[in-house]
file upload19.txt (compact mmCIF, N, CA and C atoms)
# COMPACT_ATOMS: atom_id res chain seq x y z
N MET O 69 -34.76 177.92 150.25
CA MET O 69 -35.18 177.02 151.31
C MET O 69 -36.55 177.41 151.86
N ALA O 70 -36.78 178.71 152.00
CA ALA O 70 -38.05 179.20 152.54
C ALA O 70 -39.20 178.85 151.61
N GLU O 71 -38.97 179.03 150.30
CA GLU O 71 -40.01 178.70 149.33
C GLU O 71 -40.31 177.21 149.31
N GLN O 72 -39.28 176.39 149.44
CA GLN O 72 -39.48 174.94 149.45
C GLN O 72 -40.29 174.50 150.67
N ALA O 73 -40.03 175.17 151.84
CA ALA O 73 -40.74 174.81 153.07
C ALA O 73 -42.13 175.45 153.12
N GLY O 74 -42.40 176.42 152.26
CA GLY O 74 -43.71 177.08 152.22
C GLY O 74 -43.82 178.22 153.23
N TYR O 75 -42.67 178.78 153.63
CA TYR O 75 -42.65 179.88 154.60
C TYR O 75 -42.09 181.14 153.96
N ASP O 76 -41.91 182.19 154.79
CA ASP O 76 -41.37 183.46 154.32
C ASP O 76 -39.97 183.65 154.88
N LEU O 77 -39.13 184.37 154.14
CA LEU O 77 -37.80 184.74 154.61
C LEU O 77 -37.91 186.15 155.18
N VAL O 78 -37.70 186.30 156.50
CA VAL O 78 -37.90 187.58 157.19
C VAL O 78 -36.56 188.07 157.73
N GLU O 79 -36.23 189.32 157.40
CA GLU O 79 -34.99 189.92 157.89
C GLU O 79 -35.22 190.39 159.32
N VAL O 80 -34.51 189.81 160.28
CA VAL O 80 -34.71 190.10 161.70
C VAL O 80 -33.84 191.27 162.15
N ALA O 81 -32.54 191.24 161.82
CA ALA O 81 -31.62 192.30 162.23
C ALA O 81 -30.86 192.81 161.01
N PRO O 82 -31.39 193.84 160.34
CA PRO O 82 -30.75 194.32 159.12
C PRO O 82 -29.43 195.06 159.38
N ASN O 83 -29.24 195.61 160.57
CA ASN O 83 -28.04 196.40 160.86
C ASN O 83 -26.88 195.53 161.32
N ALA O 84 -27.13 194.25 161.62
CA ALA O 84 -26.06 193.36 162.07
C ALA O 84 -25.14 193.03 160.90
N SER O 85 -23.94 192.59 161.24
CA SER O 85 -23.00 192.22 160.18
C SER O 85 -22.63 190.76 160.35
N PRO O 86 -23.04 189.85 159.54
CA PRO O 86 -23.93 189.96 158.38
C PRO O 86 -25.39 190.08 158.82
N PRO O 87 -26.30 190.59 157.96
CA PRO O 87 -27.72 190.70 158.33
C PRO O 87 -28.31 189.33 158.68
N VAL O 88 -29.20 189.34 159.71
CA VAL O 88 -29.78 188.09 160.19
C VAL O 88 -31.18 187.93 159.62
N CYS O 89 -31.45 186.74 159.05
CA CYS O 89 -32.76 186.44 158.48
C CYS O 89 -33.30 185.16 159.11
N ARG O 90 -34.64 185.03 159.09
CA ARG O 90 -35.29 183.85 159.65
C ARG O 90 -36.30 183.30 158.66
N ILE O 91 -36.47 182.00 158.70
CA ILE O 91 -37.50 181.37 157.89
C ILE O 91 -38.68 181.12 158.82
N MET O 92 -39.82 181.81 158.54
CA MET O 92 -40.99 181.67 159.41
C MET O 92 -42.25 182.03 158.63
N ASP O 93 -43.38 181.71 159.24
CA ASP O 93 -44.68 182.10 158.67
C ASP O 93 -44.97 183.51 159.17
N PHE O 94 -44.78 184.51 158.30
CA PHE O 94 -44.88 185.91 158.72
C PHE O 94 -46.30 186.28 159.16
N GLY O 95 -47.32 185.77 158.48
CA GLY O 95 -48.71 186.07 158.85
C GLY O 95 -49.03 185.58 160.25
N LYS O 96 -48.57 184.37 160.58
CA LYS O 96 -48.79 183.80 161.91
C LYS O 96 -48.05 184.63 162.97
N TYR O 97 -46.83 185.07 162.65
CA TYR O 97 -46.03 185.89 163.56
C TYR O 97 -46.73 187.21 163.88
N MET O 98 -47.25 187.88 162.85
CA MET O 98 -47.96 189.15 163.05
C MET O 98 -49.24 188.94 163.86
N TYR O 99 -49.92 187.83 163.61
CA TYR O 99 -51.14 187.52 164.36
C TYR O 99 -50.82 187.34 165.85
N GLU O 100 -49.75 186.60 166.16
CA GLU O 100 -49.36 186.39 167.56
C GLU O 100 -48.96 187.69 168.23
N LEU O 101 -48.27 188.57 167.49
CA LEU O 101 -47.90 189.88 168.04
C LEU O 101 -49.14 190.69 168.39
N SER O 102 -50.14 190.69 167.52
CA SER O 102 -51.36 191.47 167.79
C SER O 102 -52.11 190.89 168.99
N LYS O 103 -52.09 189.56 169.14
CA LYS O 103 -52.75 188.93 170.29
C LYS O 103 -52.07 189.36 171.59
N LYS O 104 -50.73 189.36 171.59
CA LYS O 104 -49.99 189.77 172.79
C LYS O 104 -50.28 191.23 173.14
N GLU O 105 -50.35 192.07 172.10
CA GLU O 105 -50.62 193.50 172.30
C GLU O 105 -52.00 193.71 172.92
N LYS O 106 -53.00 192.99 172.43
CA LYS O 106 -54.36 193.08 172.98
C LYS O 106 -54.39 192.62 174.42
N GLU O 107 -53.64 191.57 174.73
CA GLU O 107 -53.60 191.03 176.09
C GLU O 107 -53.00 192.04 177.07
N THR O 108 -51.94 192.73 176.66
CA THR O 108 -51.33 193.73 177.54
C THR O 108 -52.25 194.93 177.74
N LYS O 109 -53.03 195.29 176.70
CA LYS O 109 -53.97 196.39 176.83
C LYS O 109 -55.09 196.06 177.81
N LYS O 110 -55.49 194.79 177.87
CA LYS O 110 -56.54 194.38 178.80
C LYS O 110 -56.10 194.57 180.24
N LYS O 111 -54.83 194.33 180.51
CA LYS O 111 -54.32 194.39 181.88
C LYS O 111 -54.02 195.81 182.34
N GLN O 112 -53.97 196.76 181.42
CA GLN O 112 -53.67 198.15 181.77
C GLN O 112 -54.87 198.81 182.43
N HIS O 113 -54.59 199.70 183.41
CA HIS O 113 -55.64 200.49 184.03
C HIS O 113 -55.36 201.95 183.72
N VAL O 114 -56.28 202.59 183.03
CA VAL O 114 -56.12 203.99 182.66
C VAL O 114 -56.60 204.86 183.82
N ILE O 115 -55.74 205.78 184.25
CA ILE O 115 -56.11 206.68 185.34
C ILE O 115 -56.88 207.85 184.74
N VAL O 116 -58.08 208.05 185.23
CA VAL O 116 -58.95 209.11 184.75
C VAL O 116 -58.91 210.25 185.76
N THR O 117 -58.91 211.48 185.28
CA THR O 117 -58.94 212.64 186.16
C THR O 117 -60.36 213.16 186.24
N LYS O 118 -60.92 213.15 187.46
CA LYS O 118 -62.25 213.68 187.71
C LYS O 118 -62.08 215.07 188.32
N GLU O 119 -63.07 215.94 188.10
CA GLU O 119 -62.96 217.31 188.61
C GLU O 119 -64.06 217.59 189.62
N VAL O 120 -63.67 218.26 190.70
CA VAL O 120 -64.62 218.74 191.70
C VAL O 120 -64.47 220.26 191.75
N ARG O 121 -65.58 220.97 191.56
CA ARG O 121 -65.53 222.44 191.55
C ARG O 121 -66.09 223.01 192.84
N LEU O 122 -65.36 223.94 193.41
CA LEU O 122 -65.77 224.58 194.66
C LEU O 122 -65.86 226.08 194.47
N ARG O 123 -66.44 226.73 195.47
CA ARG O 123 -66.54 228.20 195.50
C ARG O 123 -66.02 228.66 196.85
N PRO O 124 -65.53 229.88 196.97
CA PRO O 124 -65.01 230.35 198.26
C PRO O 124 -66.09 230.46 199.35
N LYS O 125 -67.34 230.73 198.98
CA LYS O 125 -68.42 230.89 199.96
C LYS O 125 -69.29 229.65 200.04
N ILE O 126 -68.69 228.46 199.92
CA ILE O 126 -69.45 227.21 199.88
C ILE O 126 -70.04 226.90 201.26
N GLU O 127 -71.28 226.44 201.26
CA GLU O 127 -71.95 226.07 202.52
C GLU O 127 -71.48 224.71 202.99
N GLU O 128 -71.71 224.41 204.27
CA GLU O 128 -71.23 223.19 204.90
C GLU O 128 -71.75 221.93 204.20
N HIS O 129 -73.06 221.89 203.92
CA HIS O 129 -73.64 220.70 203.30
C HIS O 129 -73.05 220.46 201.91
N ASP O 130 -72.92 221.55 201.13
CA ASP O 130 -72.36 221.44 199.79
C ASP O 130 -70.91 220.96 199.85
N PHE O 131 -70.17 221.47 200.83
CA PHE O 131 -68.77 221.08 201.02
C PHE O 131 -68.66 219.58 201.31
N MET O 132 -69.51 219.09 202.21
CA MET O 132 -69.48 217.67 202.56
C MET O 132 -69.91 216.80 201.37
N PHE O 133 -70.90 217.28 200.63
CA PHE O 133 -71.38 216.56 199.45
C PHE O 133 -70.24 216.39 198.43
N LYS O 134 -69.53 217.49 198.15
CA LYS O 134 -68.42 217.46 197.19
C LYS O 134 -67.28 216.59 197.69
N SER O 135 -67.00 216.65 199.00
CA SER O 135 -65.90 215.84 199.53
C SER O 135 -66.23 214.35 199.48
N ARG O 136 -67.51 214.00 199.68
CA ARG O 136 -67.91 212.59 199.58
C ARG O 136 -67.74 212.08 198.14
N HIS O 137 -68.10 212.92 197.17
CA HIS O 137 -67.92 212.54 195.77
C HIS O 137 -66.44 212.37 195.44
N ALA O 138 -65.61 213.30 195.91
CA ALA O 138 -64.17 213.20 195.66
C ALA O 138 -63.61 211.94 196.30
N ARG O 139 -64.11 211.59 197.48
CA ARG O 139 -63.67 210.37 198.17
C ARG O 139 -64.00 209.13 197.33
N LYS O 140 -65.21 209.11 196.76
CA LYS O 140 -65.61 207.98 195.90
C LYS O 140 -64.70 207.89 194.67
N PHE O 141 -64.39 209.04 194.07
CA PHE O 141 -63.52 209.06 192.89
C PHE O 141 -62.14 208.50 193.23
N ILE O 142 -61.59 208.93 194.35
CA ILE O 142 -60.25 208.50 194.75
C ILE O 142 -60.24 207.02 195.09
N GLU O 143 -61.28 206.55 195.80
CA GLU O 143 -61.34 205.14 196.17
C GLU O 143 -61.47 204.24 194.95
N SER O 144 -62.08 204.74 193.88
CA SER O 144 -62.20 203.93 192.66
C SER O 144 -60.94 204.01 191.80
N GLY O 145 -59.91 204.72 192.29
CA GLY O 145 -58.61 204.73 191.60
C GLY O 145 -58.38 205.90 190.67
N ASN O 146 -59.25 206.89 190.68
CA ASN O 146 -59.09 208.04 189.80
C ASN O 146 -58.36 209.18 190.50
N ARG O 147 -57.76 210.06 189.69
CA ARG O 147 -57.19 211.30 190.22
C ARG O 147 -58.31 212.31 190.33
N VAL O 148 -58.16 213.26 191.24
CA VAL O 148 -59.18 214.30 191.40
C VAL O 148 -58.52 215.67 191.24
N LYS O 149 -59.11 216.46 190.35
CA LYS O 149 -58.69 217.85 190.17
C LYS O 149 -59.68 218.71 190.96
N VAL O 150 -59.17 219.42 191.95
CA VAL O 150 -60.03 220.28 192.77
C VAL O 150 -59.84 221.71 192.27
N SER O 151 -60.93 222.31 191.79
CA SER O 151 -60.89 223.68 191.26
C SER O 151 -61.77 224.56 192.13
N LEU O 152 -61.23 225.68 192.55
CA LEU O 152 -62.00 226.64 193.33
C LEU O 152 -62.07 227.93 192.52
N PHE O 153 -63.28 228.30 192.11
CA PHE O 153 -63.48 229.45 191.22
C PHE O 153 -63.84 230.71 191.99
N PHE O 154 -63.27 231.82 191.56
CA PHE O 154 -63.61 233.14 192.11
C PHE O 154 -64.40 233.90 191.06
N ARG O 155 -65.35 234.71 191.53
CA ARG O 155 -66.11 235.58 190.63
C ARG O 155 -65.98 237.01 191.13
N GLY O 156 -65.71 237.90 190.22
CA GLY O 156 -65.72 239.33 190.50
C GLY O 156 -64.91 239.75 191.71
N ARG O 157 -65.60 240.33 192.72
CA ARG O 157 -64.91 240.89 193.88
C ARG O 157 -64.42 239.85 194.87
N GLU O 158 -64.76 238.59 194.64
CA GLU O 158 -64.25 237.53 195.52
C GLU O 158 -62.73 237.43 195.42
N MET O 159 -62.16 237.92 194.35
CA MET O 159 -60.71 237.86 194.15
C MET O 159 -59.96 238.65 195.21
N VAL O 160 -60.65 239.60 195.86
CA VAL O 160 -60.02 240.40 196.91
C VAL O 160 -59.64 239.51 198.10
N HIS O 161 -60.44 238.47 198.35
CA HIS O 161 -60.21 237.60 199.51
C HIS O 161 -59.73 236.22 199.07
N LYS O 162 -58.56 236.19 198.47
CA LYS O 162 -57.99 234.92 198.01
C LYS O 162 -57.71 233.99 199.18
N GLU O 163 -57.41 234.57 200.33
CA GLU O 163 -57.09 233.74 201.51
C GLU O 163 -58.27 232.86 201.92
N LEU O 164 -59.51 233.32 201.69
CA LEU O 164 -60.69 232.49 201.98
C LEU O 164 -60.72 231.27 201.08
N GLY O 165 -60.35 231.47 199.83
CA GLY O 165 -60.29 230.36 198.88
C GLY O 165 -59.24 229.35 199.28
N PHE O 166 -58.07 229.82 199.68
CA PHE O 166 -57.01 228.90 200.10
C PHE O 166 -57.39 228.15 201.36
N GLU O 167 -58.16 228.80 202.26
CA GLU O 167 -58.63 228.11 203.47
C GLU O 167 -59.59 226.98 203.12
N VAL O 168 -60.52 227.25 202.18
CA VAL O 168 -61.47 226.21 201.76
C VAL O 168 -60.72 225.06 201.11
N MET O 169 -59.73 225.36 200.26
CA MET O 169 -58.95 224.34 199.60
C MET O 169 -58.16 223.51 200.62
N LYS O 170 -57.58 224.18 201.60
CA LYS O 170 -56.81 223.49 202.65
C LYS O 170 -57.72 222.55 203.44
N ARG O 171 -58.91 223.03 203.76
CA ARG O 171 -59.88 222.22 204.51
C ARG O 171 -60.31 220.99 203.71
N PHE O 172 -60.50 221.19 202.39
CA PHE O 172 -60.90 220.09 201.50
C PHE O 172 -59.82 219.02 201.46
N ILE O 173 -58.56 219.45 201.36
CA ILE O 173 -57.44 218.51 201.32
C ILE O 173 -57.32 217.76 202.65
N GLU O 174 -57.52 218.46 203.76
CA GLU O 174 -57.47 217.81 205.08
C GLU O 174 -58.59 216.80 205.24
N GLU O 175 -59.76 217.09 204.67
CA GLU O 175 -60.91 216.19 204.74
C GLU O 175 -60.59 214.85 204.08
N LEU O 176 -59.79 214.89 203.01
CA LEU O 176 -59.46 213.67 202.26
C LEU O 176 -58.06 213.15 202.55
N SER O 177 -57.37 213.71 203.54
CA SER O 177 -55.97 213.35 203.80
C SER O 177 -55.80 211.90 204.24
N ASP O 178 -56.86 211.25 204.75
CA ASP O 178 -56.72 209.86 205.19
C ASP O 178 -56.58 208.89 204.02
N ILE O 179 -57.12 209.22 202.85
CA ILE O 179 -57.02 208.31 201.70
C ILE O 179 -56.28 208.91 200.51
N ALA O 180 -56.03 210.21 200.52
CA ALA O 180 -55.44 210.87 199.35
C ALA O 180 -54.17 211.63 199.70
N LYS O 181 -53.30 211.72 198.69
CA LYS O 181 -52.11 212.56 198.83
C LYS O 181 -52.19 213.66 197.78
N VAL O 182 -51.51 214.76 198.03
CA VAL O 182 -51.55 215.90 197.13
C VAL O 182 -50.47 215.71 196.06
N ASP O 183 -50.90 215.61 194.79
CA ASP O 183 -49.95 215.51 193.68
C ASP O 183 -49.40 216.89 193.33
N LYS O 184 -50.30 217.85 193.28
CA LYS O 184 -49.91 219.21 192.93
C LYS O 184 -50.53 220.14 193.97
N GLU O 185 -49.70 220.89 194.65
CA GLU O 185 -50.16 221.80 195.71
C GLU O 185 -51.12 222.85 195.13
N PRO O 186 -52.04 223.38 195.98
CA PRO O 186 -52.97 224.42 195.50
C PRO O 186 -52.19 225.64 194.97
N LYS O 187 -52.59 226.05 193.78
CA LYS O 187 -51.89 227.15 193.12
C LYS O 187 -52.90 228.02 192.40
N MET O 188 -52.69 229.30 192.45
CA MET O 188 -53.56 230.26 191.78
C MET O 188 -53.25 230.26 190.28
N GLU O 189 -54.28 230.03 189.45
CA GLU O 189 -54.13 230.10 188.00
C GLU O 189 -55.27 230.94 187.45
N GLY O 190 -54.99 232.18 187.19
CA GLY O 190 -56.04 233.09 186.72
C GLY O 190 -57.03 233.40 187.83
N MET O 191 -58.31 233.07 187.59
CA MET O 191 -59.36 233.35 188.57
C MET O 191 -59.73 232.09 189.36
N GLN O 192 -58.83 231.12 189.43
CA GLN O 192 -59.14 229.88 190.15
C GLN O 192 -57.91 229.33 190.86
N ILE O 193 -58.16 228.50 191.85
CA ILE O 193 -57.11 227.78 192.56
C ILE O 193 -57.28 226.31 192.16
N ILE O 194 -56.18 225.68 191.78
CA ILE O 194 -56.23 224.29 191.32
C ILE O 194 -55.27 223.43 192.13
N ALA O 195 -55.75 222.22 192.51
CA ALA O 195 -54.91 221.23 193.18
C ALA O 195 -55.28 219.85 192.63
N PHE O 196 -54.33 218.92 192.66
CA PHE O 196 -54.58 217.55 192.23
C PHE O 196 -54.36 216.59 193.38
N LEU O 197 -55.29 215.65 193.55
CA LEU O 197 -55.19 214.64 194.59
C LEU O 197 -55.22 213.27 193.95
N SER O 198 -54.51 212.30 194.57
CA SER O 198 -54.55 210.92 194.10
C SER O 198 -54.49 209.98 195.30
N LYS O 199 -54.74 208.71 195.04
CA LYS O 199 -54.79 207.71 196.09
C LYS O 199 -53.40 207.54 196.74
N LYS O 200 -53.39 207.34 198.06
CA LYS O 200 -52.13 207.10 198.76
C LYS O 200 -51.55 205.78 198.38

call {"tool": "encode", "arguments": {"input": "upload19.txt", "output": "structure tokens"}}
result
Amino acid sequence: MAEQAGYDLVEVAPNASPPVCRIMDFGKYMYELSKKEKETKKKQHVIVTKEVRLRPKIEEHDFMFKSRHARKFIESGNRVKVSLFFRGREMVHKELGFEVMKRFIEELSDIAKVDKEPKMEGMQIIAFLSKK
């Protein structure tokens, strides 16, 4: 019947009892599937993670500059990874680093929520922020 109609015989459910087949134009079916797939990809928004790097002895102007950039990243819908790096003997005063990180999070608390709390990983403190 499929050959007489000029279509293909496509097995739809091979595990069913009895197996289910359809008479259709397989090329047209695959084309429509690819179109639907492209359409769903257009509507997706990929969340990008941006990074802001800080230091424990950061000056006020630099701190405000970095926080403004992080604010722009969050407002545009991206996640922000905040990294605070220690060098050498700065590791003795980890509490200063945690204070800077806490202040940074408070600065952005009006538009951002903390995804991952500040945590020490090696010689750095890392936290993740995202839009509320």

call {"tool": "closest_residue", "arguments": {"input": "upload19.txt", "among": "O:Pro87, O:Arg139, O:Arg147, O:Met188", "to": "O:Val114", "atoms": "all atoms listed in the file"}}
result
O:Arg147

call {"tool": "residues_near_point", "arguments": {"input": "upload19.txt", "point": "(-64.4, 233.2, 188.3)", "cutoff": "6.5 Å", "atoms": "all atoms listed in the file", "output": "CSV table (one decimal) with N, CA and C atoms, in the coordinates of the input"}}
result
chain,number,residue,atom,x,y,z
O,153,PHE,N,-63.3,228.3,192.1
O,153,PHE,CA,-63.5,229.4,191.2
O,153,PHE,C,-63.8,230.7,192.0
O,154,PHE,N,-63.3,231.8,191.6
O,154,PHE,CA,-63.6,233.1,192.1
O,154,PHE,C,-64.4,233.9,191.1
O,155,ARG,N,-65.4,234.7,191.5
O,155,ARG,CA,-66.1,235.6,190.6
O,155,ARG,C,-66.0,237.0,191.1
O,156,GLY,N,-65.7,237.9,190.2
O,156,GLY,CA,-65.7,239.3,190.5
O,156,GLY,C,-64.9,239.8,191.7
O,191,MET,N,-58.3,233.1,187.6
O,191,MET,CA,-59.4,233.4,188.6
O,191,MET,C,-59.7,232.1,189.4
O,192,GLN,N,-58.8,231.1,189.4
O,192,GLN,CA,-59.1,229.9,190.2
O,192,GLN,C,-57.9,229.3,190.9

call {"tool": "residues_around", "arguments": {"input": "upload19.txt", "residues": "O:Val120", "least_positions_apart": "3", "cutoff": "8 Å", "atoms": "only C-alpha atoms", "output": "compact mmCIF listing (two decimals) with N, CA and C atoms, in the coordinates of the input"}}
result
# COMPACT_ATOMS: atom_id res chain seq x y z
N LYS O 134 -69.53 217.49 198.15
CA LYS O 134 -68.42 217.46 197.19
C LYS O 134 -67.28 216.59 197.69
N ALA O 138 -65.61 213.30 195.91
CA ALA O 138 -64.17 213.20 195.66
C ALA O 138 -63.61 211.94 196.30
N VAL O 148 -58.16 213.26 191.24
CA VAL O 148 -59.18 214.30 191.40
C VAL O 148 -58.52 215.67 191.24
N LYS O 149 -59.11 216.46 190.35
CA LYS O 149 -58.69 217.85 190.17
C LYS O 149 -59.68 218.71 190.96
N VAL O 150 -59.17 219.42 191.95
CA VAL O 150 -60.03 220.28 192.77
C VAL O 150 -59.84 221.71 192.27
N SER O 151 -60.93 222.31 191.79
CA SER O 151 -60.89 223.68 191.26
C SER O 151 -61.77 224.56 192.13

call {"tool": "select_by_dssp", "arguments": {"input": "upload19.txt", "residues": "chain O", "states": "helix (DSSP H, G or I)", "output": "PyMOL selection string"}}
result
chain O and resi 70-73+94-111+128-143+156-175

call {"tool": "atom_distance", "arguments": {"input": "upload19.txt", "atom1": "atom C of O:Glu167", "atom2": "atom CA of O:Ile115"}}
result
27.2 Å

call {"tool": "decode", "arguments": {"input": "upload19.txt", "residues": "stretch 115-145 of chain O", "atoms": "N, CA and C atoms", "output": "PDB file, in the first residue's frame"}}
result
ATOM      1  N   ILE O 115      22.427  30.185  30.338  1.00  0.00           N
ATOM      2  CA  ILE O 115      22.967  30.971  31.446  1.00  0.00           C
ATOM      3  C   ILE O 115      24.482  30.868  31.410  1.00  0.00           C
ATOM      4  N   VAL O 116      25.124  32.016  31.329  1.00  0.00           N
ATOM      5  CA  VAL O 116      26.576  32.086  31.259  1.00  0.00           C
ATOM      6  C   VAL O 116      27.100  32.475  32.639  1.00  0.00           C
ATOM      7  N   THR O 117      28.212  31.886  33.046  1.00  0.00           N
ATOM      8  CA  THR O 117      28.826  32.230  34.321  1.00  0.00           C
ATOM      9  C   THR O 117      29.974  33.196  34.061  1.00  0.00           C
ATOM     10  N   LYS O 118      29.856  34.399  34.630  1.00  0.00           N
ATOM     11  CA  LYS O 118      30.914  35.408  34.535  1.00  0.00           C
ATOM     12  C   LYS O 118      31.690  35.374  35.847  1.00  0.00           C
ATOM     13  N   GLU O 119      32.970  35.747  35.786  1.00  0.00           N
ATOM     14  CA  GLU O 119      33.797  35.706  36.987  1.00  0.00           C
ATOM     15  C   GLU O 119      34.275  37.103  37.358  1.00  0.00           C
ATOM     16  N   VAL O 120      34.227  37.394  38.658  1.00  0.00           N
ATOM     17  CA  VAL O 120      34.779  38.628  39.202  1.00  0.00           C
ATOM     18  C   VAL O 120      35.854  38.213  40.207  1.00  0.00           C
ATOM     19  N   ARG O 121      37.070  38.730  40.020  1.00  0.00           N
ATOM     20  CA  ARG O 121      38.184  38.365  40.904  1.00  0.00           C
ATOM     21  C   ARG O 121      38.495  39.498  41.869  1.00  0.00           C
ATOM     22  N   LEU O 122      38.630  39.145  43.126  1.00  0.00           N
ATOM     23  CA  LEU O 122      38.926  40.121  44.174  1.00  0.00           C
ATOM     24  C   LEU O 122      40.206  39.729  44.896  1.00  0.00           C
ATOM     25  N   ARG O 123      40.688  40.668  45.709  1.00  0.00           N
ATOM     26  CA  ARG O 123      41.859  40.431  46.558  1.00  0.00           C
ATOM     27  C   ARG O 123      41.488  40.848  47.974  1.00  0.00           C
ATOM     28  N   PRO O 124      42.134  40.308  48.990  1.00  0.00           N
ATOM     29  CA  PRO O 124      41.780  40.686  50.367  1.00  0.00           C
ATOM     30  C   PRO O 124      42.087  42.150  50.692  1.00  0.00           C
ATOM     31  N   LYS O 125      43.104  42.747  50.058  1.00  0.00           N
ATOM     32  CA  LYS O 125      43.485  44.138  50.347  1.00  0.00           C
ATOM     33  C   LYS O 125      42.967  45.087  49.274  1.00  0.00           C
ATOM     34  N   ILE O 126      41.768  44.839  48.754  1.00  0.00           N
ATOM     35  CA  ILE O 126      41.223  45.630  47.651  1.00  0.00           C
ATOM     36  C   ILE O 126      40.849  47.036  48.135  1.00  0.00           C
ATOM     37  N   GLU O 127      41.159  48.024  47.318  1.00  0.00           N
ATOM     38  CA  GLU O 127      40.830  49.420  47.653  1.00  0.00           C
ATOM     39  C   GLU O 127      39.355  49.693  47.370  1.00  0.00           C
ATOM     40  N   GLU O 128      38.837  50.770  47.949  1.00  0.00           N
ATOM     41  CA  GLU O 128      37.416  51.111  47.855  1.00  0.00           C
ATOM     42  C   GLU O 128      36.959  51.301  46.406  1.00  0.00           C
ATOM     43  N   HIS O 129      37.727  52.060  45.624  1.00  0.00           N
ATOM     44  CA  HIS O 129      37.332  52.326  44.243  1.00  0.00           C
ATOM     45  C   HIS O 129      37.293  51.040  43.419  1.00  0.00           C
ATOM     46  N   ASP O 130      38.317  50.197  43.604  1.00  0.00           N
ATOM     47  CA  ASP O 130      38.372  48.929  42.877  1.00  0.00           C
ATOM     48  C   ASP O 130      37.195  48.034  43.263  1.00  0.00           C
ATOM     49  N   PHE O 131      36.866  48.038  44.559  1.00  0.00           N
ATOM     50  CA  PHE O 131      35.744  47.245  45.054  1.00  0.00           C
ATOM     51  C   PHE O 131      34.433  47.687  44.407  1.00  0.00           C
ATOM     52  N   MET O 132      34.214  49.002  44.354  1.00  0.00           N
ATOM     53  CA  MET O 132      32.980  49.524  43.760  1.00  0.00           C
ATOM     54  C   MET O 132      32.939  49.234  42.254  1.00  0.00           C
ATOM     55  N   PHE O 133      34.089  49.355  41.599  1.00  0.00           N
ATOM     56  CA  PHE O 133      34.190  49.076  40.165  1.00  0.00           C
ATOM     57  C   PHE O 133      33.781  47.625  39.877  1.00  0.00           C
ATOM     58  N   LYS O 134      34.329  46.685  40.659  1.00  0.00           N
ATOM     59  CA  LYS O 134      34.029  45.264  40.480  1.00  0.00           C
ATOM     60  C   LYS O 134      32.567  44.968  40.793  1.00  0.00           C
ATOM     61  N   SER O 135      32.032  45.611  41.831  1.00  0.00           N
ATOM     62  CA  SER O 135      30.635  45.352  42.189  1.00  0.00           C
ATOM     63  C   SER O 135      29.681  45.888  41.121  1.00  0.00           C
ATOM     64  N   ARG O 136      30.035  47.019  40.490  1.00  0.00           N
ATOM     65  CA  ARG O 136      29.198  47.549  39.403  1.00  0.00           C
ATOM     66  C   ARG O 136      29.191  46.580  38.211  1.00  0.00           C
ATOM     67  N   HIS O 137      30.356  46.016  37.898  1.00  0.00           N
ATOM     68  CA  HIS O 137      30.432  45.051  36.807  1.00  0.00           C
ATOM     69  C   HIS O 137      29.609  43.802  37.127  1.00  0.00           C
ATOM     70  N   ALA O 138      29.721  43.317  38.360  1.00  0.00           N
ATOM     71  CA  ALA O 138      28.949  42.139  38.764  1.00  0.00           C
ATOM     72  C   ALA O 138      27.451  42.441  38.689  1.00  0.00           C
ATOM     73  N   ARG O 139      27.061  43.646  39.058  1.00  0.00           N
ATOM     74  CA  ARG O 139      25.652  44.059  38.988  1.00  0.00           C
ATOM     75  C   ARG O 139      25.157  44.012  37.538  1.00  0.00           C
ATOM     76  N   LYS O 140      25.982  44.512  36.608  1.00  0.00           N
ATOM     77  CA  LYS O 140      25.610  44.473  35.185  1.00  0.00           C
ATOM     78  C   LYS O 140      25.454  43.038  34.702  1.00  0.00           C
ATOM     79  N   PHE O 141      26.375  42.156  35.118  1.00  0.00           N
ATOM     80  CA  PHE O 141      26.309  40.756  34.712  1.00  0.00           C
ATOM     81  C   PHE O 141      25.016  40.110  35.212  1.00  0.00           C
ATOM     82  N   ILE O 142      24.680  40.360  36.470  1.00  0.00           N
ATOM     83  CA  ILE O 142      23.484  39.757  37.067  1.00  0.00           C
ATOM     84  C   ILE O 142      22.225  40.304  36.416  1.00  0.00           C
ATOM     85  N   GLU O 143      22.195  41.617  36.165  1.00  0.00           N
ATOM     86  CA  GLU O 143      21.017  42.218  35.540  1.00  0.00           C
ATOM     87  C   GLU O 143      20.795  41.700  34.126  1.00  0.00           C
ATOM     88  N   SER O 144      21.863  41.329  33.436  1.00  0.00           N
ATOM     89  CA  SER O 144      21.710  40.787  32.081  1.00  0.00           C
ATOM     90  C   SER O 144      21.374  39.294  32.101  1.00  0.00           C
ATOM     91  N   GLY O 145      21.198  38.715  33.299  1.00  0.00           N
ATOM     92  CA  GLY O 145      20.738  37.334  33.416  1.00  0.00           C
ATOM     93  C   GLY O 145      21.823  36.293  33.585  1.00  0.00           C
TER      94      GLY O 145
END
